[in-house]
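Heads up, input_20.txt below (compact mmCIF, C-alpha atoms and all ligand atoms):
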```
# COMPACT_ATOMS: atom_id res chain seq x y z
CA MET A 596 0.00 0.00 0.00
CA ARG A 597 1.07 3.58 -0.64
CA SER A 598 1.87 5.39 2.54
CA ALA A 599 0.76 8.81 1.23
CA PRO A 600 -3.01 9.41 1.47
CA LEU A 601 -4.85 8.50 -1.71
CA HIS A 602 -5.62 11.38 -3.99
CA PRO A 603 -9.40 11.72 -4.54
CA VAL A 604 -9.03 10.85 -8.25
CA ALA A 605 -7.31 7.59 -7.24
CA ARG A 606 -10.11 6.33 -4.98
CA LEU A 607 -12.41 3.48 -5.94
CA PRO A 608 -16.13 3.63 -5.10
CA GLU A 609 -15.77 1.34 -2.09
CA GLU A 610 -13.04 3.61 -0.73
CA TRP A 611 -15.29 6.63 -1.16
CA SER A 612 -18.04 4.74 0.67
CA ALA A 613 -15.76 4.16 3.63
CA SER A 614 -14.40 7.69 3.84
CA LEU A 615 -17.74 9.43 3.24
CA ALA A 616 -19.69 7.19 5.63
CA ALA A 617 -17.18 8.16 8.31
CA ARG A 618 -18.17 11.79 7.65
CA GLY A 619 -21.86 11.00 7.96
CA GLU A 620 -22.61 11.43 4.24
CA ARG A 621 -25.53 9.62 2.60
CA SER A 622 -24.56 6.21 1.24
CA PHE A 623 -25.10 7.05 -2.44
CA ALA A 624 -22.78 10.08 -2.26
CA ALA A 625 -19.83 7.73 -2.84
CA LYS A 626 -21.21 6.60 -6.17
CA GLN A 627 -22.10 10.17 -7.11
CA VAL A 628 -18.57 11.42 -6.48
CA PHE A 629 -17.00 8.53 -8.42
CA HIS A 630 -19.44 9.15 -11.28
CA TRP A 631 -18.57 12.82 -11.44
CA ILE A 632 -14.86 12.09 -11.64
CA HIS A 633 -14.64 8.94 -13.70
CA ARG A 634 -17.83 8.72 -15.70
CA ARG A 635 -18.32 12.40 -16.45
CA GLY A 636 -14.71 13.53 -16.18
CA VAL A 637 -15.54 16.47 -13.91
CA LEU A 638 -12.74 17.22 -11.46
CA ASP A 639 -13.93 20.58 -10.14
CA PRO A 640 -15.92 19.99 -6.93
CA GLY A 641 -17.72 23.30 -7.50
CA ALA A 642 -19.36 21.83 -10.61
CA MET A 643 -20.68 18.72 -8.82
CA THR A 644 -24.16 20.15 -8.57
CA ASN A 645 -25.98 17.24 -6.94
CA LEU A 646 -23.66 17.15 -3.92
CA SER A 647 -24.16 19.13 -0.76
CA ALA A 648 -22.16 22.34 -0.36
CA ARG A 649 -20.51 20.78 2.67
CA LEU A 650 -19.32 17.78 0.66
CA ARG A 651 -18.10 19.95 -2.21
CA GLU A 652 -16.04 21.98 0.23
CA HIS A 653 -14.63 18.82 1.73
CA LEU A 654 -13.61 17.52 -1.71
CA ALA A 655 -11.92 20.80 -2.55
CA ALA A 656 -10.08 20.71 0.78
CA GLU A 657 -8.88 17.20 -0.09
CA GLY A 658 -7.27 18.56 -3.22
CA LEU A 659 -9.75 17.37 -5.85
CA GLY A 660 -9.09 19.23 -9.08
CA ASP A 661 -7.07 18.87 -12.27
CA VAL A 662 -4.06 16.59 -11.84
CA VAL A 663 -2.67 17.01 -15.35
CA THR A 664 -2.88 20.17 -17.44
CA PRO A 665 -2.35 20.28 -21.19
CA GLU A 666 0.57 22.54 -21.92
CA ARG A 667 0.84 21.93 -25.62
CA VAL A 668 -0.95 19.88 -28.24
CA HIS A 669 0.88 18.86 -31.40
CA ARG A 670 -1.50 17.71 -34.06
CA SER A 671 0.03 15.69 -36.85
CA GLU A 672 -1.21 15.42 -40.41
CA ASP A 673 -2.45 11.88 -39.81
CA GLY A 674 -4.72 13.03 -36.94
CA THR A 675 -2.41 11.92 -34.14
CA ARG A 676 -2.27 14.33 -31.21
CA LYS A 677 0.68 14.43 -28.87
CA LEU A 678 -0.15 16.17 -25.65
CA LEU A 679 2.53 17.61 -23.43
CA LEU A 680 1.07 17.61 -19.92
CA ARG A 681 2.17 19.50 -16.87
CA LEU A 682 1.82 17.88 -13.46
CA ARG A 683 1.12 19.75 -10.26
CA ASP A 684 4.80 19.77 -9.25
CA GLY A 685 5.82 21.23 -12.61
CA ALA A 686 7.15 17.98 -14.14
CA THR A 687 6.04 17.17 -17.69
CA ILE A 688 4.91 13.95 -19.32
CA GLU A 689 3.28 13.10 -22.59
CA THR A 690 0.29 11.21 -23.81
CA VAL A 691 -0.77 10.47 -27.38
CA LEU A 692 -4.20 10.14 -28.98
CA LEU A 693 -4.16 7.88 -32.03
CA PRO A 694 -7.35 7.82 -34.08
CA ALA A 695 -7.87 4.77 -36.26
CA VAL A 696 -7.24 5.97 -39.80
CA SER A 697 -10.21 6.72 -42.00
CA GLY A 698 -11.30 3.75 -44.01
CA ALA A 699 -11.14 1.70 -40.83
CA GLY A 700 -13.11 -1.44 -41.17
CA SER A 701 -10.43 -2.80 -43.38
CA ARG A 702 -8.40 -4.92 -41.03
CA ALA A 703 -5.35 -4.74 -43.23
CA GLN A 704 -5.39 -0.99 -43.06
CA LEU A 705 -5.79 -1.01 -39.32
CA ASP A 706 -2.88 -3.34 -39.01
CA ALA A 707 -0.73 -1.15 -41.16
CA ASP A 708 -1.57 1.98 -39.24
CA ALA A 709 -2.05 1.02 -35.64
CA ALA A 710 1.38 2.32 -34.60
CA ALA A 711 2.71 0.89 -31.36
CA ALA A 712 -0.88 0.81 -30.22
CA ASP A 713 -2.27 -2.58 -30.84
CA LEU A 714 -5.85 -2.71 -31.97
CA ASP A 715 -6.64 -6.24 -31.05
CA ASP A 716 -7.64 -8.65 -33.69
CA ASP A 717 -9.88 -11.20 -32.06
CA GLU A 718 -12.35 -12.69 -34.48
CA ASP A 719 -15.44 -11.32 -32.78
CA ASP A 720 -13.82 -7.93 -32.92
CA ALA A 721 -13.24 -8.16 -36.62
CA ALA A 722 -16.90 -9.01 -37.08
CA GLU A 723 -17.88 -6.04 -34.97
CA GLU A 724 -15.55 -3.79 -36.90
CA ASN A 725 -17.22 -4.66 -40.17
CA ALA A 726 -20.77 -4.57 -38.88
CA PRO A 727 -23.01 -2.00 -40.52
CA GLU A 728 -23.57 0.91 -38.20
CA GLY A 729 -27.17 1.68 -39.12
CA ASN A 730 -28.08 5.28 -38.49
CA ALA A 731 -25.53 5.76 -35.74
CA ALA A 732 -23.25 8.75 -36.20
CA PRO A 733 -19.94 7.67 -37.72
CA HIS A 734 -17.32 7.29 -35.06
CA VAL A 735 -13.60 6.97 -35.06
CA ARG A 736 -12.00 4.68 -32.54
CA VAL A 737 -9.15 6.26 -30.68
CA THR A 738 -6.27 4.59 -28.88
CA GLN A 739 -4.58 6.55 -26.13
CA CYS A 740 -0.96 5.95 -25.17
CA ILE A 741 -0.21 6.94 -21.57
CA SER A 742 2.85 7.44 -19.36
CA THR A 743 3.52 5.90 -15.94
CA GLN A 744 6.69 7.68 -14.84
CA VAL A 745 8.57 10.90 -15.44
CA GLY A 746 11.53 9.42 -17.33
CA CYS A 747 12.47 5.77 -16.81
CA ALA A 748 15.06 3.88 -14.76
CA MET A 749 15.49 0.99 -17.22
CA GLY A 750 18.09 2.72 -19.39
CA CYS A 751 17.31 1.17 -22.78
CA THR A 752 19.87 2.65 -25.16
CA PHE A 753 17.47 3.50 -28.00
CA CYS A 754 14.84 5.19 -25.83
CA ALA A 755 14.57 8.88 -24.96
CA SER A 756 12.94 8.14 -21.59
CA GLY A 757 15.69 5.65 -20.76
CA VAL A 758 18.41 8.13 -21.59
CA ALA A 759 16.70 10.75 -19.40
CA GLY A 760 16.64 8.44 -16.36
CA LEU A 761 13.90 8.24 -13.74
CA LYS A 762 12.73 11.55 -12.26
CA ARG A 763 9.77 10.14 -10.34
CA HIS A 764 6.87 7.70 -10.42
CA LEU A 765 3.42 8.94 -11.37
CA GLY A 766 0.59 8.53 -8.89
CA PRO A 767 -2.47 6.50 -9.94
CA GLU A 768 -4.41 9.77 -10.23
CA GLU A 769 -1.86 11.07 -12.73
CA ILE A 770 -1.98 7.87 -14.78
CA ALA A 771 -5.79 7.68 -14.85
CA GLY A 772 -5.94 11.50 -15.10
CA GLN A 773 -4.28 11.33 -18.53
CA VAL A 774 -7.19 9.24 -19.78
CA LEU A 775 -9.82 11.49 -18.20
CA LEU A 776 -8.20 14.41 -19.98
CA GLY A 777 -7.66 12.52 -23.24
CA ARG A 778 -11.30 11.51 -23.35
CA ALA A 779 -12.36 15.10 -22.74
CA MET A 780 -10.17 16.26 -25.62
CA LEU A 781 -11.51 13.89 -28.25
CA ASP A 782 -12.78 15.42 -31.48
CA GLU A 783 -16.41 15.14 -32.39
CA GLY A 784 -17.28 11.64 -33.57
CA GLU A 785 -14.33 10.05 -31.80
CA GLU A 786 -14.61 7.34 -29.17
CA LEU A 787 -11.91 6.27 -26.75
CA ARG A 788 -11.56 2.58 -27.30
CA ASN A 789 -8.11 1.35 -26.30
CA VAL A 790 -5.50 2.45 -23.80
CA VAL A 791 -1.89 1.36 -24.07
CA TYR A 792 0.71 1.84 -21.33
CA MET A 793 3.44 2.66 -23.83
CA GLY A 794 4.32 6.26 -23.08
CA MET A 795 7.14 7.37 -20.80
CA GLY A 796 8.22 4.99 -18.08
CA GLU A 797 8.10 1.32 -17.15
CA PRO A 798 4.58 0.57 -15.85
CA LEU A 799 5.61 -2.50 -13.87
CA HIS A 800 8.39 -0.59 -12.10
CA ASN A 801 5.55 1.54 -10.69
CA TYR A 802 3.38 -1.48 -10.04
CA GLU A 803 1.01 -0.24 -7.30
CA ALA A 804 0.06 2.93 -9.16
CA THR A 805 -0.26 1.08 -12.45
CA ALA A 806 -2.49 -1.61 -10.94
CA ARG A 807 -4.71 0.96 -9.27
CA SER A 808 -5.00 2.96 -12.48
CA LEU A 809 -6.06 -0.24 -14.27
CA ARG A 810 -8.82 -0.75 -11.69
CA LEU A 811 -9.96 2.84 -12.12
CA LEU A 812 -10.00 2.78 -15.93
CA THR A 813 -11.84 -0.53 -16.15
CA HIS A 814 -14.32 0.14 -13.34
CA PRO A 815 -17.91 -0.33 -14.59
CA GLU A 816 -19.03 2.82 -12.75
CA GLY A 817 -16.29 4.87 -14.40
CA ILE A 818 -14.68 5.00 -17.85
CA ASN A 819 -15.44 1.30 -18.05
CA LEU A 820 -12.79 0.28 -20.55
CA SER A 821 -12.79 -3.39 -21.36
CA THR A 822 -9.78 -5.09 -19.73
CA ARG A 823 -8.79 -6.66 -23.03
CA ARG A 824 -8.63 -3.19 -24.58
CA VAL A 825 -6.07 -2.05 -22.05
CA THR A 826 -2.50 -3.10 -22.80
CA VAL A 827 0.40 -2.89 -20.39
CA SER A 828 3.76 -2.85 -22.13
CA THR A 829 6.85 -3.92 -20.21
CA SER A 830 10.55 -4.30 -20.78
CA GLY A 831 10.32 -7.56 -18.83
CA LEU A 832 10.08 -7.21 -15.06
CA VAL A 833 9.48 -10.89 -14.44
CA PRO A 834 8.06 -10.89 -10.87
CA GLU A 835 5.64 -8.09 -11.73
CA ILE A 836 4.44 -9.85 -14.88
CA ALA A 837 3.39 -12.74 -12.63
CA ARG A 838 1.81 -10.30 -10.20
CA LEU A 839 -0.17 -8.57 -12.94
CA GLY A 840 -1.35 -11.94 -14.23
CA ALA A 841 -2.48 -13.01 -10.75
CA ASP A 842 -4.05 -9.69 -9.74
CA PHE A 843 -6.14 -9.37 -12.92
CA GLY A 844 -6.59 -13.03 -13.81
CA GLY A 845 -4.70 -12.53 -17.08
CA GLN A 846 -7.42 -10.19 -18.37
CA ILE A 847 -5.14 -7.21 -18.97
CA ALA A 848 -3.52 -7.38 -22.39
CA LEU A 849 0.25 -7.75 -22.24
CA ALA A 850 2.92 -6.41 -24.56
CA ILE A 851 6.56 -7.37 -24.11
CA SER A 852 9.41 -5.25 -25.40
CA LEU A 853 11.72 -8.02 -26.51
CA HIS A 854 14.04 -6.35 -29.04
CA ALA A 855 16.47 -9.27 -29.22
CA SER A 856 16.52 -13.05 -29.25
CA ASP A 857 19.82 -13.65 -27.47
CA ASN A 858 20.99 -12.46 -24.07
CA GLU A 859 24.12 -10.71 -25.28
CA THR A 860 22.24 -8.48 -27.72
CA ARG A 861 19.35 -7.88 -25.36
CA SER A 862 21.57 -6.95 -22.43
CA ARG A 863 23.39 -4.49 -24.65
CA LEU A 864 20.15 -2.75 -25.67
CA MET A 865 18.22 -3.27 -22.45
CA PRO A 866 20.14 -3.43 -19.16
CA ILE A 867 17.10 -5.02 -17.43
CA ASN A 868 18.00 -8.23 -19.28
CA ARG A 869 20.99 -8.70 -16.96
CA LYS A 870 18.57 -8.99 -14.05
CA HIS A 871 15.87 -10.97 -15.85
CA PRO A 872 17.43 -12.83 -18.78
CA LEU A 873 15.49 -14.21 -21.73
CA ASP A 874 14.76 -17.73 -20.45
CA GLU A 875 13.24 -16.27 -17.28
CA LEU A 876 11.17 -13.83 -19.30
CA ILE A 877 9.91 -16.47 -21.72
CA GLU A 878 8.99 -18.65 -18.74
CA ALA A 879 6.96 -15.75 -17.29
CA LEU A 880 5.10 -15.42 -20.61
CA ARG A 881 4.27 -19.11 -20.63
CA ALA A 882 2.93 -18.78 -17.09
CA TYR A 883 0.80 -15.68 -17.80
CA PRO A 884 -2.84 -16.76 -17.37
CA LEU A 885 -3.88 -15.56 -20.81
CA PRO A 886 -7.53 -16.20 -21.70
CA ARG A 887 -8.19 -18.51 -24.62
CA ARG A 888 -7.89 -16.98 -28.10
CA ARG A 889 -5.90 -14.03 -26.81
CA ARG A 890 -2.30 -13.32 -27.63
CA ILE A 891 0.66 -11.55 -26.11
CA THR A 892 2.11 -8.76 -28.24
CA ILE A 893 5.84 -8.94 -28.82
CA GLU A 894 7.36 -5.56 -29.60
CA TYR A 895 10.62 -5.58 -31.46
CA THR A 896 12.27 -2.25 -32.14
CA LEU A 897 14.64 -2.74 -35.05
CA VAL A 898 17.96 -0.96 -34.53
CA ALA A 899 20.39 -0.92 -37.45
CA GLY A 900 23.42 -3.13 -36.91
CA GLN A 901 22.25 -4.17 -33.45
CA ASN A 902 19.33 -6.59 -33.69
CA ASP A 903 18.22 -6.51 -37.34
CA ASP A 904 20.09 -9.47 -38.76
CA PRO A 905 17.94 -12.18 -40.41
CA ALA A 906 19.77 -14.71 -38.19
CA GLU A 907 18.32 -12.84 -35.21
CA ALA A 908 14.85 -13.21 -36.75
CA ARG A 909 15.36 -16.96 -37.12
CA ARG A 910 16.46 -17.20 -33.50
CA LEU A 911 13.41 -15.17 -32.49
CA ALA A 912 11.10 -17.55 -34.34
CA LYS A 913 12.65 -20.40 -32.38
CA LEU A 914 12.52 -18.59 -29.05
CA LEU A 915 8.82 -17.80 -29.35
CA ARG A 916 7.79 -21.21 -30.65
CA GLY A 917 4.63 -22.46 -28.96
CA LEU A 918 3.73 -19.11 -27.36
CA PRO A 919 0.48 -17.37 -28.32
CA VAL A 920 2.02 -14.19 -29.72
CA LYS A 921 1.75 -11.60 -32.44
CA ILE A 922 4.85 -9.64 -33.35
CA ASN A 923 5.13 -5.90 -34.00
CA LEU A 924 8.31 -4.72 -35.68
CA ILE A 925 9.01 -1.04 -35.03
CA PRO A 926 11.87 0.57 -36.96
CA MET A 927 13.67 2.63 -34.35
CA ASN A 928 12.80 6.27 -34.25
CA PRO A 929 16.05 8.23 -34.06
CA ILE A 930 16.62 10.07 -30.79
CA GLU A 931 18.80 13.07 -30.16
CA ALA A 932 20.94 11.46 -27.48
CA SER A 933 22.02 8.45 -29.53
CA SER A 934 23.61 7.68 -32.87
CA LEU A 935 21.51 4.49 -33.16
CA GLY A 936 18.91 4.44 -35.91
CA PRO A 937 16.51 2.32 -37.95
CA PRO A 938 17.57 -0.18 -40.59
CA GLY A 939 16.62 0.40 -44.23
CA LEU A 940 13.22 -0.70 -45.46
CA GLU A 941 14.59 -3.78 -47.24
CA ARG A 942 16.25 -5.04 -44.10
CA VAL A 943 13.00 -4.51 -42.18
CA ALA A 944 11.08 -6.43 -44.85
CA ALA A 945 13.62 -9.29 -44.78
CA PHE A 946 13.28 -9.56 -41.01
CA GLN A 947 9.52 -9.62 -41.29
CA ASP A 948 9.64 -12.28 -44.03
CA VAL A 949 11.55 -14.70 -41.81
CA LEU A 950 8.91 -14.41 -39.08
CA THR A 951 5.95 -14.55 -41.42
CA GLN A 952 7.33 -17.62 -43.13
CA ALA A 953 7.85 -19.22 -39.73
CA GLY A 954 4.08 -18.86 -39.26
CA TYR A 955 3.87 -15.79 -37.01
CA SER A 956 1.54 -12.89 -37.51
CA CYS A 957 4.02 -10.09 -37.78
CA PHE A 958 3.44 -6.47 -38.76
CA VAL A 959 5.65 -3.48 -39.25
CA ARG A 960 4.36 -0.56 -37.21
CA ARG A 961 5.34 2.91 -38.09
CA ARG A 962 5.25 5.38 -35.27
CA ARG A 963 2.52 7.80 -36.14
CA GLY A 964 2.71 11.51 -35.66
CA ASP A 965 6.33 11.62 -36.67
CA ASP A 966 5.88 15.01 -38.26
CA VAL A 967 5.26 16.60 -34.87
CA SER A 968 7.88 14.83 -32.78
CA ALA A 969 9.36 11.40 -32.53
CA ALA A 970 9.25 8.46 -30.12
CA CYS A 971 8.05 8.31 -26.55
CA GLY A 972 9.65 10.83 -24.25
CA GLN A 973 11.15 12.93 -26.98
CA LEU A 974 8.56 15.66 -26.83
CA VAL A 975 9.61 16.31 -23.26
CA LEU A 976 13.31 16.09 -23.98
CA LEU A 977 12.95 18.54 -26.82
CA GLY A 978 11.58 21.07 -24.38
CA ALA A 979 8.29 20.85 -26.29
CA LYS A 980 9.78 22.36 -29.43
CA PRO A 981 8.18 20.45 -32.27
CA LYS A 982 10.81 18.93 -34.43
CA VAL A 983 10.03 18.08 -37.98
CA ARG A 984 11.04 14.58 -38.91
CA ARG A 985 10.40 12.55 -41.94
CA ALA A 986 8.06 9.62 -41.36
CA LEU A 987 9.88 6.34 -41.50
CA ALA A 988 7.48 4.58 -43.80
N1 LIG A 1001 8.64 0.79 -20.63
C1 LIG A 1001 7.70 0.05 -21.36
C2 LIG A 1001 6.63 0.89 -22.02
C3 LIG A 1001 7.05 2.19 -22.60
S1 LIG A 1001 8.11 2.12 -24.00
C4 LIG A 1001 8.39 -0.82 -22.38
O1 LIG A 1001 9.59 -0.66 -22.60
O2 LIG A 1001 7.72 -1.70 -22.93
C5 LIG A 1001 6.96 1.61 -25.29
C6 LIG A 1001 7.61 0.98 -26.48
O3 LIG A 1001 8.32 1.98 -27.24
C7 LIG A 1001 8.63 -0.08 -26.13
O4 LIG A 1001 8.44 -1.24 -26.90
C8 LIG A 1001 9.93 0.60 -26.47
O5 LIG A 1001 10.92 -0.32 -26.73
C9 LIG A 1001 9.55 1.45 -27.65
N2 LIG A 1001 10.51 2.50 -27.95
C10 LIG A 1001 11.14 3.30 -27.09
N3 LIG A 1001 11.96 4.15 -27.74
C11 LIG A 1001 11.83 3.88 -29.05
C12 LIG A 1001 12.42 4.42 -30.23
N4 LIG A 1001 13.31 5.40 -30.18
N5 LIG A 1001 12.03 3.91 -31.41
C13 LIG A 1001 11.13 2.90 -31.47
N6 LIG A 1001 10.55 2.35 -30.39
C14 LIG A 1001 10.90 2.83 -29.19
FE1 LIG A 1002 11.97 2.54 -20.08
FE2 LIG A 1002 10.49 1.28 -21.92
FE3 LIG A 1002 12.19 3.27 -22.58
FE4 LIG A 1002 13.18 0.93 -21.82
S1 LIG A 1002 11.93 1.32 -23.66
S2 LIG A 1002 13.90 2.94 -21.12
S3 LIG A 1002 11.72 0.34 -20.29
S4 LIG A 1002 10.39 3.45 -21.34
```
When written as C-alpha cells, how does the structure in this file appear?
Amino acid sequence: MRSAPLHPVARLPEEWSASLAARGERSFAAKQVFHWIHRRGVLDPGAMTNLSARLREHLAAEGLGDVVTPERVHRSEDGTRKLLLRLRDGATIETVLLPAVSGAGSRAQLDADAAAADLDDDEDDAAEENAPEGNAAPHVRVTQCISTQVGCAMGCTFCASGVAGLKRHLGPEEIAGQVLLGRAMLDEGEELRNVVYMGMGEPLHNYEATARSLRLLTHPEGINLSTRRVTVSTSGLVPEIARLGADFGGQIALAISLHASDNETRSRLMPINRKHPLDELIEALRAYPLPRRRRITIEYTLVAGQNDDPAEARRLAKLLRGLPVKINLIPMNPIEASSLGPPGLERVAAFQDVLTQAGYSCFVRRRRGDDVSAACGQLVLLGAKPKVRRALA
C-alpha cells in the first residue's frame, strides 16, 4: 500500500463509501462522487451540482481538481495528437491520442496503421468492426498511449525516456488522469476505445500505481474500458508480470518489449535483461494466465546493426515457438541522445519475411505523428519544441 493518502481521483467507489460514511454522508454520495470524476470527467468539486455544499467543500479541501494540465498539443497530419502535460509539481509527461485511420473497417489498413498501439484482432472484434452501423453517427475509434513515470530507470539505449533516467513515479491519479483528460479532448465523432501503457516509463516498475489505475479505468461505474482493450507494455520485469497476471486473472492485455533473441544483444540494448534474462522472461510469458484466443504482443524495435540481422529473426522464431504471440516490428525512431537508428526498409522487410514464413503474424508498425515529434519521451526532452522529422514509412 502507498503510505501517502490516496488522492481523490485515485479512490475506488468502495473507498469513497468508507471515507464518506465516516463523515456521515448519505450512502449514495460515494457513487455520485465517483461518477462525477470517472464517468463524467468532472474534477472541479464546484461543478458537482448534486452534492451538498458541505461535501463539495470537503472535496476541494482534499485537493480534488485537475491533476494534469495540457501545456501543448501537437496535431500531426495523420490526426495523431501528442499532448505535453504539466503535473502539479511542474514535471512534464506526454500522452498520445491515435485515431484509427479513415477507411477503418479494413483490417489490413488497421494493421498497417495502428502504430505501437495494438488494436486487437480477435475474431469477434473483426466481425464487430465490419458490422453495418445503421443510423448511428460515424465514429472513429481512438487509442490513447499513456505514461507511468517521469523518465524511466530501465536505461534502454534507444529510448529517450531511458536516456533521461527516472525523475519520479506517477501517482495513480496522474496515470488515470491522462485518460480522463484525453477523453475530454476527443474530437467530435471520436470514441476512446483502447488504452496502451506505452508512453514514458516502465509501468511495472511503478506497479502499485499502475495496478490501481487499471482498476480505475476498467471500473464499470467509471470510464469502463474493457480489460482486453487495455495493454500494459513492459521491458520484462518478471516478478511483476506474474503479479499482474495473478491480480487481474490474465485479463489485462500484455505487450513485451523483446528487441532481441539472445541475451548478449538484449543486455546491450536493455540493461534489465541482466537482471531478468530471456529464459526467465519467456517462462513468465508461458505462465501468464492468458484467456483462450488471446495473444501476447511482442514488440521488437529494429535498430540498425544491433538486432536486425535475419539470423536474429530466425532465433526469435525459435525462441517464441509455442507461445500465443503476435509480433510488432518497429523501426527505431532516431533520438537526439544516440547515434543508433533504424535499418533500411529492405532489411526490415527481410526480417519480417523470416517471421511470417515461420508462421507468425508479424506487422511493421510505423510510429505515427512523426511530423510533430518522434518516439516516446522525446517531446519532453525537446523542451516541447516540435521537431520536424520525416516519417519512416
Ligand atoms: N517501458 C515500457 C513501455 C514504454 S516504451 C516498455 O519498454 O515496454 C513503449 C515501447 O516503445 C517499447 O516497446 C519501447 O521499446 C519502444 N521505444 C522506445 N523508444 C523507441 C524508439 N526510439 N524507437 C522505437 N521504439 C521505441
Ligand atoms: Fe523505459 Fe520502456 Fe524506454 Fe526501456 S523502452 S527505457 S523500459 S520506457
- Message: Show me which residues are within 8 Å of ligand LIG 1002 (chain A) counting only C-alpha atoms and all ligand atoms, and format the list as number ranges by chain.
- Response: A: 746-758, 760, 793-797, 828-830, 852, 865, 971-972
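The gap separating CA of Pro798 (chain A) from atom C2 of ligand LIG 1001 (chain A) is 6.5 Å, in Å to one decimal.
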Identify, on the basis of all atoms listed in the file, every residue whose closest approach to Trp631 (chain A) does not exceed 7 Å; exclude the query and any residue fewer than 5 positions from it along the same chain; express the result as a tab-separated table (two decimals) with C-alpha atoms, in the coordinates of the input.
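This went into around38.tsv:
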```
chain	number	residue	atom	x	y	z
A	636	GLY	CA	-14.71	13.53	-16.18
A	637	VAL	CA	-15.54	16.47	-13.91
A	643	MET	CA	-20.68	18.72	-8.82
```
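Take CA of Arg960 (chain A) and CA of Thr826 (chain A): the distance between them is 16.2 Å.
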- Show which residues sit within 9 Å of Arg676 (chain A), as a PyMOL selection string. Count only C-alpha atoms, and ignore same-chain residues fewer than 2 positions away. chain A and resi 668-671+673-674+678+690-694+964+967
- Message: Give me, as number ranges by chain, all polymer residues having an atom no more than 9 Å from Arg807 (chain A), counting all atoms listed in the file and skipping those fewer than 2 positions away in the same chain.
- Response: A: 605-607, 767-768, 771, 802-805, 809-812
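Using all atoms listed in the file, the protein and nucleic acid residues lying no more than 12 Å from region 615-620 of chain A, apart from those fewer than 2 places from it along its own chain, are Pro603, Arg606, Pro608, Glu609, Glu610, Trp611, Ser612, Ala613, Ser622, Phe623, Ala624, Ala625, Lys626, Gln627, Val628, Phe629, Leu646, Ser647, Ala648, Arg649, Leu650, Arg651, His653 and Leu654 of chain A.
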Could you write out the selected residues, including C-alpha atoms, as an mmCIF file, in the coordinates of the input?
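Produced file part22.cif, reproduced below:
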```cif
data_model
loop_
_atom_site.group_PDB
_atom_site.id
_atom_site.type_symbol
_atom_site.label_atom_id
_atom_site.label_comp_id
_atom_site.auth_asym_id
_atom_site.auth_seq_id
_atom_site.Cartn_x
_atom_site.Cartn_y
_atom_site.Cartn_z
ATOM 1 C CA PRO A 603 -9.400 11.720 -4.540
ATOM 2 C CA ARG A 606 -10.110 6.330 -4.980
ATOM 3 C CA PRO A 608 -16.130 3.630 -5.100
ATOM 4 C CA GLU A 609 -15.770 1.340 -2.090
ATOM 5 C CA GLU A 610 -13.040 3.610 -0.730
ATOM 6 C CA TRP A 611 -15.290 6.630 -1.160
ATOM 7 C CA SER A 612 -18.040 4.740 0.670
ATOM 8 C CA ALA A 613 -15.760 4.160 3.630
ATOM 9 C CA SER A 622 -24.560 6.210 1.240
ATOM 10 C CA PHE A 623 -25.100 7.050 -2.440
ATOM 11 C CA ALA A 624 -22.780 10.080 -2.260
ATOM 12 C CA ALA A 625 -19.830 7.730 -2.840
ATOM 13 C CA LYS A 626 -21.210 6.600 -6.170
ATOM 14 C CA GLN A 627 -22.100 10.170 -7.110
ATOM 15 C CA VAL A 628 -18.570 11.420 -6.480
ATOM 16 C CA PHE A 629 -17.000 8.530 -8.420
ATOM 17 C CA LEU A 646 -23.660 17.150 -3.920
ATOM 18 C CA SER A 647 -24.160 19.130 -0.760
ATOM 19 C CA ALA A 648 -22.160 22.340 -0.360
ATOM 20 C CA ARG A 649 -20.510 20.780 2.670
ATOM 21 C CA LEU A 650 -19.320 17.780 0.660
ATOM 22 C CA ARG A 651 -18.100 19.950 -2.210
ATOM 23 C CA HIS A 653 -14.630 18.820 1.730
ATOM 24 C CA LEU A 654 -13.610 17.520 -1.710
#
```
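Between CA of Val663 (chain A) and CA of Leu761 (chain A) lies a distance of 18.8 Å.
Nearest to ligand LIG 1001 (chain A) of all the residues A:Gln773, A:Gln744, A:Gln901, A:Ser614 is A:Gln744, based on all atoms listed in the file.
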- Compile the contact shell of Leu918 (chain A) as a PyMOL selection string: residues with an atom at most 9 Å away, counting only C-alpha atoms, same-chain residues fewer than 3 positions apart removed. chain A and resi 877+880-881+890-891+914-915
Around all the atoms of region 849-865 of chain A listed in the file, draw an axis-aligned box and extend it by 8 Å on each of the six sides; I want its centre and edge lengths in Å to one decimal, as AutoDock Vina command-line options.
```
--center_x 12.2 --center_y -8.2 --center_z -25.7 --size_x 39.9 --size_y 26.9 --size_z 23.0
```
Cut-off 8 Å around (-1.1, 1.2, -22.7) with only C-alpha atoms: residues as a PDB file with C-alpha atoms, keeping the file's coordinate frame:
```pdb
ATOM      1  CA  ALA A 712      -0.880   0.810 -30.220  1.00  0.00           C
ATOM      2  CA  GLN A 739      -4.580   6.550 -26.130  1.00  0.00           C
ATOM      3  CA  CYS A 740      -0.960   5.950 -25.170  1.00  0.00           C
ATOM      4  CA  ILE A 741      -0.210   6.940 -21.570  1.00  0.00           C
ATOM      5  CA  ASN A 789      -8.110   1.350 -26.300  1.00  0.00           C
ATOM      6  CA  VAL A 790      -5.500   2.450 -23.800  1.00  0.00           C
ATOM      7  CA  VAL A 791      -1.890   1.360 -24.070  1.00  0.00           C
ATOM      8  CA  TYR A 792       0.710   1.840 -21.330  1.00  0.00           C
ATOM      9  CA  MET A 793       3.440   2.660 -23.830  1.00  0.00           C
ATOM     10  CA  GLY A 794       4.320   6.260 -23.080  1.00  0.00           C
ATOM     11  CA  VAL A 825      -6.070  -2.050 -22.050  1.00  0.00           C
ATOM     12  CA  THR A 826      -2.500  -3.100 -22.800  1.00  0.00           C
ATOM     13  CA  VAL A 827       0.400  -2.890 -20.390  1.00  0.00           C
ATOM     14  CA  SER A 828       3.760  -2.850 -22.130  1.00  0.00           C
TER      15      SER A 828
END
```
